[in-house]
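Shown next: target28.pdb, given as PDB, C-alpha atoms, pLDDT in the B column.
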```pdb
ATOM      1  CA  ARG A   1      22.840 106.824  12.084  1.00 76.00           C
ATOM      2  CA  LEU A   2      20.584 104.703  14.192  1.00 82.00           C
ATOM      3  CA  GLY A   3      20.757 106.740  17.356  1.00 89.00           C
ATOM      4  CA  PRO A   4      21.263 105.181  20.774  1.00 89.00           C
ATOM      5  CA  GLU A   5      17.740 103.808  21.283  1.00 91.00           C
ATOM      6  CA  ARG A   6      17.559 102.107  17.872  1.00 93.00           C
ATOM      7  CA  ALA A   7      21.132 100.861  18.148  1.00 92.00           C
ATOM      8  CA  PHE A   8      20.277  99.295  21.493  1.00 92.00           C
ATOM      9  CA  MET A   9      17.135  97.687  20.040  1.00 94.00           C
ATOM     10  CA  ALA A  10      19.208  96.264  17.152  1.00 94.00           C
ATOM     11  CA  PHE A  11      21.818  94.978  19.582  1.00 92.00           C
ATOM     12  CA  ARG A  12      19.155  93.316  21.745  1.00 93.00           C
ATOM     13  CA  ALA A  13      17.618  91.694  18.649  1.00 94.00           C
ATOM     14  CA  GLY A  14      20.863  89.747  18.225  1.00 93.00           C
ATOM     15  CA  PHE A  15      21.780  89.477  21.890  1.00 89.00           C
ATOM     16  CA  THR A  16      18.523  88.029  23.221  1.00 91.00           C
ATOM     17  CA  PRO A  17      18.433  84.866  21.071  1.00 94.00           C
ATOM     18  CA  LEU A  18      22.082  84.171  21.888  1.00 90.00           C
ATOM     19  CA  LEU A  19      21.407  84.688  25.588  1.00 88.00           C
ATOM     20  CA  ALA A  20      18.398  82.358  25.476  1.00 92.00           C
ATOM     21  CA  ALA A  21      20.322  79.735  23.494  1.00 94.00           C
ATOM     22  CA  ARG A  22      22.848  79.091  26.290  1.00 93.00           C
ATOM     23  CA  PRO A  23      20.487  77.481  28.807  1.00 95.00           C
ATOM     24  CA  VAL A  24      18.532  75.744  26.037  1.00 96.00           C
ATOM     25  CA  VAL A  25      21.713  74.110  24.735  1.00 96.00           C
ATOM     26  CA  LEU A  26      22.867  73.182  28.230  1.00 97.00           C
ATOM     27  CA  VAL A  27      19.519  71.613  29.138  1.00 97.00           C
ATOM     28  CA  GLY A  28      19.475  69.746  25.822  1.00 97.00           C
ATOM     29  CA  LEU A  29      22.965  68.420  26.430  1.00 97.00           C
ATOM     30  CA  ALA A  30      22.108  67.447  29.997  1.00 98.00           C
ATOM     31  CA  CYS A  31      19.049  65.521  28.788  1.00 97.00           C
ATOM     32  CA  THR A  32      20.835  63.697  25.978  1.00 98.00           C
ATOM     33  CA  ASP A  33      24.107  63.041  27.797  1.00 98.00           C
ATOM     34  CA  ALA A  34      22.863  62.410  31.344  1.00 97.00           C
ATOM     35  CA  GLY A  35      24.806  59.748  33.166  1.00 97.00           C
ATOM     36  CA  SER A  36      27.975  59.941  31.060  1.00 98.00           C
ATOM     37  CA  LEU A  37      29.977  60.865  34.190  1.00 96.00           C
ATOM     38  CA  TRP A  38      27.819  59.304  36.944  1.00 97.00           C
ATOM     39  CA  GLU A  39      24.238  58.309  37.474  1.00 96.00           C
ATOM     40  CA  PRO A  40      22.023  61.323  38.162  1.00 95.00           C
ATOM     41  CA  GLY A  41      20.050  61.188  41.383  1.00 95.00           C
ATOM     42  CA  TRP A  42      19.662  62.705  44.815  1.00 96.00           C
ATOM     43  CA  VAL A  43      23.348  62.613  45.738  1.00 96.00           C
ATOM     44  CA  PRO A  44      24.563  64.630  42.711  1.00 96.00           C
ATOM     45  CA  LEU A  45      21.594  66.991  43.083  1.00 96.00           C
ATOM     46  CA  LEU A  46      22.373  67.616  46.745  1.00 97.00           C
ATOM     47  CA  ALA A  47      26.094  67.934  46.045  1.00 96.00           C
ATOM     48  CA  SER A  48      25.411  70.556  43.376  1.00 97.00           C
ATOM     49  CA  SER A  49      22.801  72.422  45.449  1.00 98.00           C
ATOM     50  CA  PRO A  50      25.249  75.141  46.629  1.00 98.00           C
ATOM     51  CA  LEU A  51      25.907  75.973  42.974  1.00 98.00           C
ATOM     52  CA  TRP A  52      22.161  75.998  42.212  1.00 98.00           C
ATOM     53  CA  LEU A  53      21.540  78.311  45.172  1.00 98.00           C
ATOM     54  CA  LEU A  54      24.337  80.711  44.220  1.00 98.00           C
ATOM     55  CA  ALA A  55      23.188  80.810  40.589  1.00 98.00           C
ATOM     56  CA  GLY A  56      19.601  81.416  41.705  1.00 98.00           C
ATOM     57  CA  TRP A  57      20.668  84.188  44.079  1.00 98.00           C
ATOM     58  CA  GLY A  58      22.656  85.817  41.277  1.00 97.00           C
ATOM     59  CA  MET A  59      19.758  85.528  38.820  1.00 97.00           C
ATOM     60  CA  ALA A  60      17.223  86.851  41.350  1.00 98.00           C
ATOM     61  CA  SER A  61      19.497  89.790  42.190  1.00 97.00           C
ATOM     62  CA  THR A  62      19.980  90.513  38.502  1.00 95.00           C
ATOM     63  CA  LEU A  63      16.244  90.472  37.777  1.00 96.00           C
ATOM     64  CA  LEU A  64      15.185  92.334  40.938  1.00 96.00           C
ATOM     65  CA  TYR A  65      17.861  94.986  41.239  1.00 95.00           C
ATOM     66  CA  PHE A  66      19.784  95.263  37.995  1.00 90.00           C
ATOM     67  CA  GLY A  67      16.944  94.703  35.558  1.00 92.00           C
ATOM     68  CA  VAL A  68      16.769  92.910  32.234  1.00 91.00           C
ATOM     69  CA  LYS A  69      17.281  96.050  30.146  1.00 91.00           C
ATOM     70  CA  ARG A  70      20.425  97.065  32.016  1.00 91.00           C
ATOM     71  CA  ALA A  71      21.701  93.475  32.078  1.00 90.00           C
ATOM     72  CA  SER A  72      21.382  93.312  28.312  1.00 89.00           C
ATOM     73  CA  GLY A  73      23.739  96.261  27.872  1.00 88.00           C
ATOM     74  CA  ALA A  74      21.679  99.455  28.169  1.00 90.00           C
ATOM     75  CA  ASP A  75      24.565 101.291  29.825  1.00 85.00           C
ATOM     76  CA  HIS A  76      26.622 100.864  26.662  1.00 85.00           C
ATOM     77  CA  PHE A  77      24.000 102.699  24.612  1.00 87.00           C
ATOM     78  CA  LEU A  78      21.682 104.858  26.710  1.00 89.00           C
ATOM     79  CA  THR A  79      22.773 107.934  28.643  1.00 86.00           C
ATOM     80  CA  GLU A  80      20.229 107.481  31.443  1.00 88.00           C
ATOM     81  CA  TYR A  81      21.756 104.085  32.275  1.00 86.00           C
ATOM     82  CA  ARG A  82      25.307 105.419  32.136  1.00 82.00           C
ATOM     83  CA  SER A  83      24.500 107.893  34.878  1.00 82.00           C
ATOM     84  CA  MET A  84      23.178 105.179  37.215  1.00 86.00           C
ATOM     85  CA  PRO A  85      25.506 104.124  40.032  1.00 84.00           C
ATOM     86  CA  MET A  86      27.012 100.667  40.193  1.00 84.00           C
ATOM     87  CA  GLU A  87      24.459  98.238  41.616  1.00 89.00           C
ATOM     88  CA  ARG A  88      25.167  97.359  45.252  1.00 93.00           C
ATOM     89  CA  ARG A  89      22.001  95.515  46.352  1.00 95.00           C
ATOM     90  CA  GLY A  90      21.441  91.784  46.697  1.00 96.00           C
ATOM     91  CA  ALA A  91      24.294  89.615  45.473  1.00 97.00           C
ATOM     92  CA  PHE A  92      25.860  92.675  43.837  1.00 95.00           C
ATOM     93  CA  ARG A  93      26.714  93.928  47.320  1.00 96.00           C
ATOM     94  CA  TRP A  94      28.846  90.884  48.074  1.00 96.00           C
ATOM     95  CA  VAL A  95      30.033  89.457  44.757  1.00 94.00           C
ATOM     96  CA  PRO A  96      31.737  91.585  42.101  1.00 84.00           C
ATOM     97  CA  ASN A  97      30.298  91.015  38.651  1.00 88.00           C
ATOM     98  CA  THR A  98      27.452  88.884  39.997  1.00 93.00           C
ATOM     99  CA  MET A  99      26.031  87.942  36.608  1.00 92.00           C
ATOM    100  CA  TYR A 100      29.244  86.411  35.311  1.00 93.00           C
ATOM    101  CA  THR A 101      30.451  85.085  38.650  1.00 94.00           C
ATOM    102  CA  LEU A 102      27.280  83.520  40.045  1.00 97.00           C
ATOM    103  CA  VAL A 103      24.651  83.090  37.336  1.00 96.00           C
ATOM    104  CA  PHE A 104      26.945  81.003  35.146  1.00 96.00           C
ATOM    105  CA  LEU A 105      27.353  78.531  38.016  1.00 97.00           C
ATOM    106  CA  GLY A 106      23.936  77.255  36.936  1.00 98.00           C
ATOM    107  CA  GLY A 107      25.550  75.527  33.955  1.00 97.00           C
ATOM    108  CA  TRP A 108      28.026  73.788  36.233  1.00 98.00           C
ATOM    109  CA  ALA A 109      25.211  72.793  38.614  1.00 98.00           C
ATOM    110  CA  LEU A 110      23.188  71.338  35.740  1.00 98.00           C
ATOM    111  CA  ALA A 111      26.164  69.354  34.474  1.00 98.00           C
ATOM    112  CA  LEU A 112      26.930  67.950  37.918  1.00 98.00           C
ATOM    113  CA  SER A 113      23.277  67.175  38.671  1.00 97.00           C
ATOM    114  CA  ALA A 114      22.837  65.334  35.370  1.00 98.00           C
ATOM    115  CA  GLY A 115      26.253  63.675  35.528  1.00 98.00           C
ATOM    116  CA  SER A 116      26.828  64.905  31.980  1.00 98.00           C
ATOM    117  CA  ARG A 117      30.322  65.156  30.521  1.00 98.00           C
ATOM    118  CA  ALA A 118      29.138  67.157  27.467  1.00 98.00           C
ATOM    119  CA  THR A 119      27.247  69.640  29.660  1.00 98.00           C
ATOM    120  CA  LEU A 120      30.273  70.023  31.923  1.00 98.00           C
ATOM    121  CA  ILE A 121      32.461  70.856  28.915  1.00 98.00           C
ATOM    122  CA  ALA A 122      29.853  73.263  27.502  1.00 97.00           C
ATOM    123  CA  ALA A 123      29.385  74.961  30.906  1.00 97.00           C
ATOM    124  CA  ALA A 124      33.150  75.371  31.276  1.00 97.00           C
ATOM    125  CA  PHE A 125      33.405  76.823  27.770  1.00 96.00           C
ATOM    126  CA  ALA A 126      30.461  79.188  28.320  1.00 95.00           C
ATOM    127  CA  HIS A 127      31.867  80.395  31.640  1.00 95.00           C
ATOM    128  CA  ALA A 128      35.336  80.906  30.172  1.00 96.00           C
ATOM    129  CA  ALA A 129      33.906  82.673  27.109  1.00 94.00           C
ATOM    130  CA  ILE A 130      31.844  85.084  29.189  1.00 93.00           C
ATOM    131  CA  TRP A 131      34.926  86.012  31.209  1.00 94.00           C
ATOM    132  CA  VAL A 132      36.900  86.653  28.022  1.00 95.00           C
ATOM    133  CA  HIS A 133      33.990  88.844  26.901  1.00 91.00           C
ATOM    134  CA  TYR A 134      34.071  90.646  30.247  1.00 90.00           C
ATOM    135  CA  LEU A 135      37.825  91.232  30.259  1.00 93.00           C
ATOM    136  CA  CYS A 136      38.028  92.327  26.610  1.00 93.00           C
ATOM    137  CA  LEU A 137      34.793  94.308  26.229  1.00 87.00           C
ATOM    138  CA  GLU A 138      32.803  94.873  29.409  1.00 86.00           C
ATOM    139  CA  LYS A 139      35.611  95.837  31.774  1.00 87.00           C
ATOM    140  CA  PRO A 140      37.121  98.516  29.520  1.00 89.00           C
ATOM    141  CA  ASP A 141      33.639  99.936  28.855  1.00 84.00           C
ATOM    142  CA  MET A 142      32.736  99.862  32.552  1.00 80.00           C
ATOM    143  CA  GLU A 143      35.977 101.623  33.437  1.00 83.00           C
ATOM    144  CA  HIS A 144      35.027 104.338  30.967  1.00 80.00           C
ATOM    145  CA  ILE A 145      31.334 104.536  31.931  1.00 77.00           C
ATOM    146  CA  TYR A 146      31.677 104.267  35.719  1.00 72.00           C
ATOM    147  CA  SER A 147      35.109 105.825  36.204  1.00 71.00           C
ATOM    148  CA  ASP A 148      35.613 108.362  38.930  1.00 59.00           C
ATOM    149  CA  GLY A 149      38.203 110.070  36.744  1.00 50.00           C
ATOM    150  CA  LYS A 150      41.137 108.250  38.346  1.00 45.00           C
ATOM    151  CA  GLY A 151      40.851 104.998  36.457  1.00 43.00           C
ATOM    152  CA  ASP A 152      39.048 103.260  39.332  1.00 43.00           C
ATOM    153  CA  LEU A 153      35.454 102.148  39.227  1.00 45.00           C
ATOM    154  CA  ALA A 154      33.389 104.509  41.323  1.00 41.00           C
ATOM    155  CA  GLN A 155      32.061 102.907  44.495  1.00 39.00           C
TER
END
```
Translate this structure into structure tokens?
Amino acid sequence: RLGPERAFMAFRAGFTPLLAARPVVLVGLACTDAGSLWEPGWVPLLASSPLWLLAGWGMASTLLYFGVKRASGADHFLTEYRSMPMERRGAFRWVPNTMYTLVFLGGWALALSAGSRATLIAAAFAHAAIWVHYLCLEKPDMEHIYSDGKGDLAQ
């Protein structure tokens, strides 16, 4: 058996490159496919600025309050993270599941700013895929980890 700490390290060894690949792929697509929907410029950048701001707020809240280790799944492996309360600071106070709800808006913002059809499709796929991941894996685990014993997530 690996034990929780080693299992988490092994998980992160696979998780981190996949996490980093998403924005790299999206930026690459935006650069190579820019202008396939409309010409990039100030108007698309301004129009997409609410999405950029929401994604930035979500990312800042994740980094400042949630932490990289916890965001990469520590609560699924390590007891000390399982006993932590649900995060309620920053964007987490106002938006349920901030990472999946807000941070992934950055892909949409990039696609709209660049006017890139391929990036728009990839951002839509990535956002849909992360929600499938949440509904099939994260949510059942969170209900188990953070349950108040009645099937509801503890507040």
| Using all atoms listed in the file, which residues sit within 10 Å of A:Met59 once same-chain residues fewer than 5 positions away are excluded, as a PyMOL selection string? | chain A and resi 53-54+64-66+91+98-99+102-104+106
| Nearest to A:Trp94: which of A:Ala124, A:Trp57, A:Gly67, A:Gly73 is it, counting all atoms listed in the file? |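 Under the stated criterion, the closest residue is A:Trp57.
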| Evaluate the PyMOL selection byres ((chain A and resi 38) around 12) and report residues as a list in words | Asp33, Ala34, Gly35, Ser36, Leu37, Glu39, Pro40, Gly41, Trp42, Val43, Pro44, Leu45, Ala111, Leu112, Ser113, Ala114, Gly115, Ser116 and Arg117 of chain A
Next, dump the selected residues to file, keeping only C-alpha atoms, as a tab-separated table (two decimals), in the coordinates of the input.
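Produced file again_7.tsv, reproduced below:
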```tsv
chain	number	residue	atom	x	y	z
A	33	ASP	CA	24.11	63.04	27.80
A	34	ALA	CA	22.86	62.41	31.34
A	35	GLY	CA	24.81	59.75	33.17
A	36	SER	CA	27.98	59.94	31.06
A	37	LEU	CA	29.98	60.86	34.19
A	39	GLU	CA	24.24	58.31	37.47
A	40	PRO	CA	22.02	61.32	38.16
A	41	GLY	CA	20.05	61.19	41.38
A	42	TRP	CA	19.66	62.70	44.82
A	43	VAL	CA	23.35	62.61	45.74
A	44	PRO	CA	24.56	64.63	42.71
A	45	LEU	CA	21.59	66.99	43.08
A	111	ALA	CA	26.16	69.35	34.47
A	112	LEU	CA	26.93	67.95	37.92
A	113	SER	CA	23.28	67.18	38.67
A	114	ALA	CA	22.84	65.33	35.37
A	115	GLY	CA	26.25	63.68	35.53
A	116	SER	CA	26.83	64.90	31.98
A	117	ARG	CA	30.32	65.16	30.52
```
| Which value, in Å to one decimal, gives the distance between atom CA of A:Met84 and atom CA of A:Arg6? |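 Distance reported for this atom pair: 20.4 Å.
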| field | Å distance separating atom CA of A:Ser147 from atom CA of A:Ala10, one decimal place | value |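 Computed distance, atom CA of A:Ser147 to atom CA of A:Ala10, equals 26.6 Å.
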| task | List the residues matched by the PyMOL selection byres ((chain A and resi 133-139) around 12) in the displayed structure as a PyMOL selection string, ordered by chain and then by residue number. | result | chain A and resi 71-73+75-76+96-101+126-132+140-147+151-153
| In Å, how far is it from atom CA of A:Gly90 to atom CA of A:Phe125? | 26.9 Å
| Of the candidates A:Ala7, A:Thr119, A:Pro85, A:Ala60, which shows the shortest atom-to-atom distance to A:Thr32, using only C-alpha atoms? |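 Closest residue, counting only C-alpha atoms: A:Thr119.
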Restore N, CA, C and O atoms in stretch 132-148 of chain A and list the result as an mmCIF file, keeping the file's coordinate frame.
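So result31.cif came out as:
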```cif
data_model
loop_
_atom_site.group_PDB
_atom_site.id
_atom_site.type_symbol
_atom_site.label_atom_id
_atom_site.label_comp_id
_atom_site.auth_asym_id
_atom_site.auth_seq_id
_atom_site.Cartn_x
_atom_site.Cartn_y
_atom_site.Cartn_z
ATOM 1 N N VAL A 132 36.119 86.017 29.091
ATOM 2 C CA VAL A 132 36.900 86.653 28.022
ATOM 3 C C VAL A 132 36.145 87.878 27.520
ATOM 4 O O VAL A 132 36.721 88.954 27.328
ATOM 5 N N HIS A 133 34.835 87.723 27.314
ATOM 6 C CA HIS A 133 33.990 88.844 26.901
ATOM 7 C C HIS A 133 34.077 89.976 27.926
ATOM 8 O O HIS A 133 34.231 91.143 27.566
ATOM 9 N N TYR A 134 33.995 89.634 29.193
ATOM 10 C CA TYR A 134 34.071 90.646 30.247
ATOM 11 C C TYR A 134 35.417 91.376 30.212
ATOM 12 O O TYR A 134 35.465 92.611 30.220
ATOM 13 N N LEU A 135 36.501 90.618 30.189
ATOM 14 C CA LEU A 135 37.825 91.232 30.259
ATOM 15 C C LEU A 135 38.153 92.073 29.027
ATOM 16 O O LEU A 135 38.817 93.109 29.133
ATOM 17 N N CYS A 136 37.687 91.631 27.848
ATOM 18 C CA CYS A 136 38.028 92.327 26.610
ATOM 19 C C CYS A 136 37.053 93.431 26.219
ATOM 20 O O CYS A 136 37.441 94.371 25.529
ATOM 21 N N LEU A 137 35.792 93.335 26.647
ATOM 22 C CA LEU A 137 34.793 94.308 26.229
ATOM 23 C C LEU A 137 34.142 95.030 27.411
ATOM 24 O O LEU A 137 34.178 96.244 27.492
ATOM 25 N N GLU A 138 33.557 94.274 28.310
ATOM 26 C CA GLU A 138 32.803 94.873 29.409
ATOM 27 C C GLU A 138 33.674 95.695 30.347
ATOM 28 O O GLU A 138 33.318 96.821 30.691
ATOM 29 N N LYS A 139 34.774 95.132 30.793
ATOM 30 C CA LYS A 139 35.611 95.837 31.774
ATOM 31 C C LYS A 139 36.128 97.163 31.237
ATOM 32 O O LYS A 139 36.010 98.182 31.926
ATOM 33 N N PRO A 140 36.691 97.204 30.026
ATOM 34 C CA PRO A 140 37.121 98.516 29.520
ATOM 35 C C PRO A 140 35.968 99.512 29.393
ATOM 36 O O PRO A 140 36.127 100.688 29.722
ATOM 37 N N ASP A 141 34.800 99.049 28.946
ATOM 38 C CA ASP A 141 33.639 99.936 28.855
ATOM 39 C C ASP A 141 33.195 100.404 30.229
ATOM 40 O O ASP A 141 32.878 101.576 30.424
ATOM 41 N N MET A 142 33.155 99.497 31.198
ATOM 42 C CA MET A 142 32.736 99.862 32.552
ATOM 43 C C MET A 142 33.712 100.855 33.167
ATOM 44 O O MET A 142 33.299 101.777 33.874
ATOM 45 N N GLU A 143 34.998 100.681 32.905
ATOM 46 C CA GLU A 143 35.977 101.623 33.437
ATOM 47 C C GLU A 143 35.744 103.005 32.859
ATOM 48 O O GLU A 143 35.908 104.012 33.549
ATOM 49 N N HIS A 144 35.326 103.058 31.603
ATOM 50 C CA HIS A 144 35.027 104.338 30.967
ATOM 51 C C HIS A 144 33.705 104.911 31.491
ATOM 52 O O HIS A 144 33.626 106.073 31.874
ATOM 53 N N ILE A 145 32.671 104.079 31.548
ATOM 54 C CA ILE A 145 31.334 104.536 31.931
ATOM 55 C C ILE A 145 31.271 104.917 33.405
ATOM 56 O O ILE A 145 30.703 105.947 33.768
ATOM 57 N N TYR A 146 31.833 104.077 34.275
ATOM 58 C CA TYR A 146 31.677 104.267 35.719
ATOM 59 C C TYR A 146 32.919 104.831 36.397
ATOM 60 O O TYR A 146 33.026 104.792 37.615
ATOM 61 N N SER A 147 33.859 105.332 35.635
ATOM 62 C CA SER A 147 35.109 105.825 36.204
ATOM 63 C C SER A 147 34.884 107.071 37.046
ATOM 64 O O SER A 147 34.050 107.915 36.751
ATOM 65 N N ASP A 148 35.661 107.159 38.094
ATOM 66 C CA ASP A 148 35.613 108.362 38.930
ATOM 67 C C ASP A 148 36.640 109.384 38.463
ATOM 68 O O ASP A 148 36.905 110.356 39.144
#
```
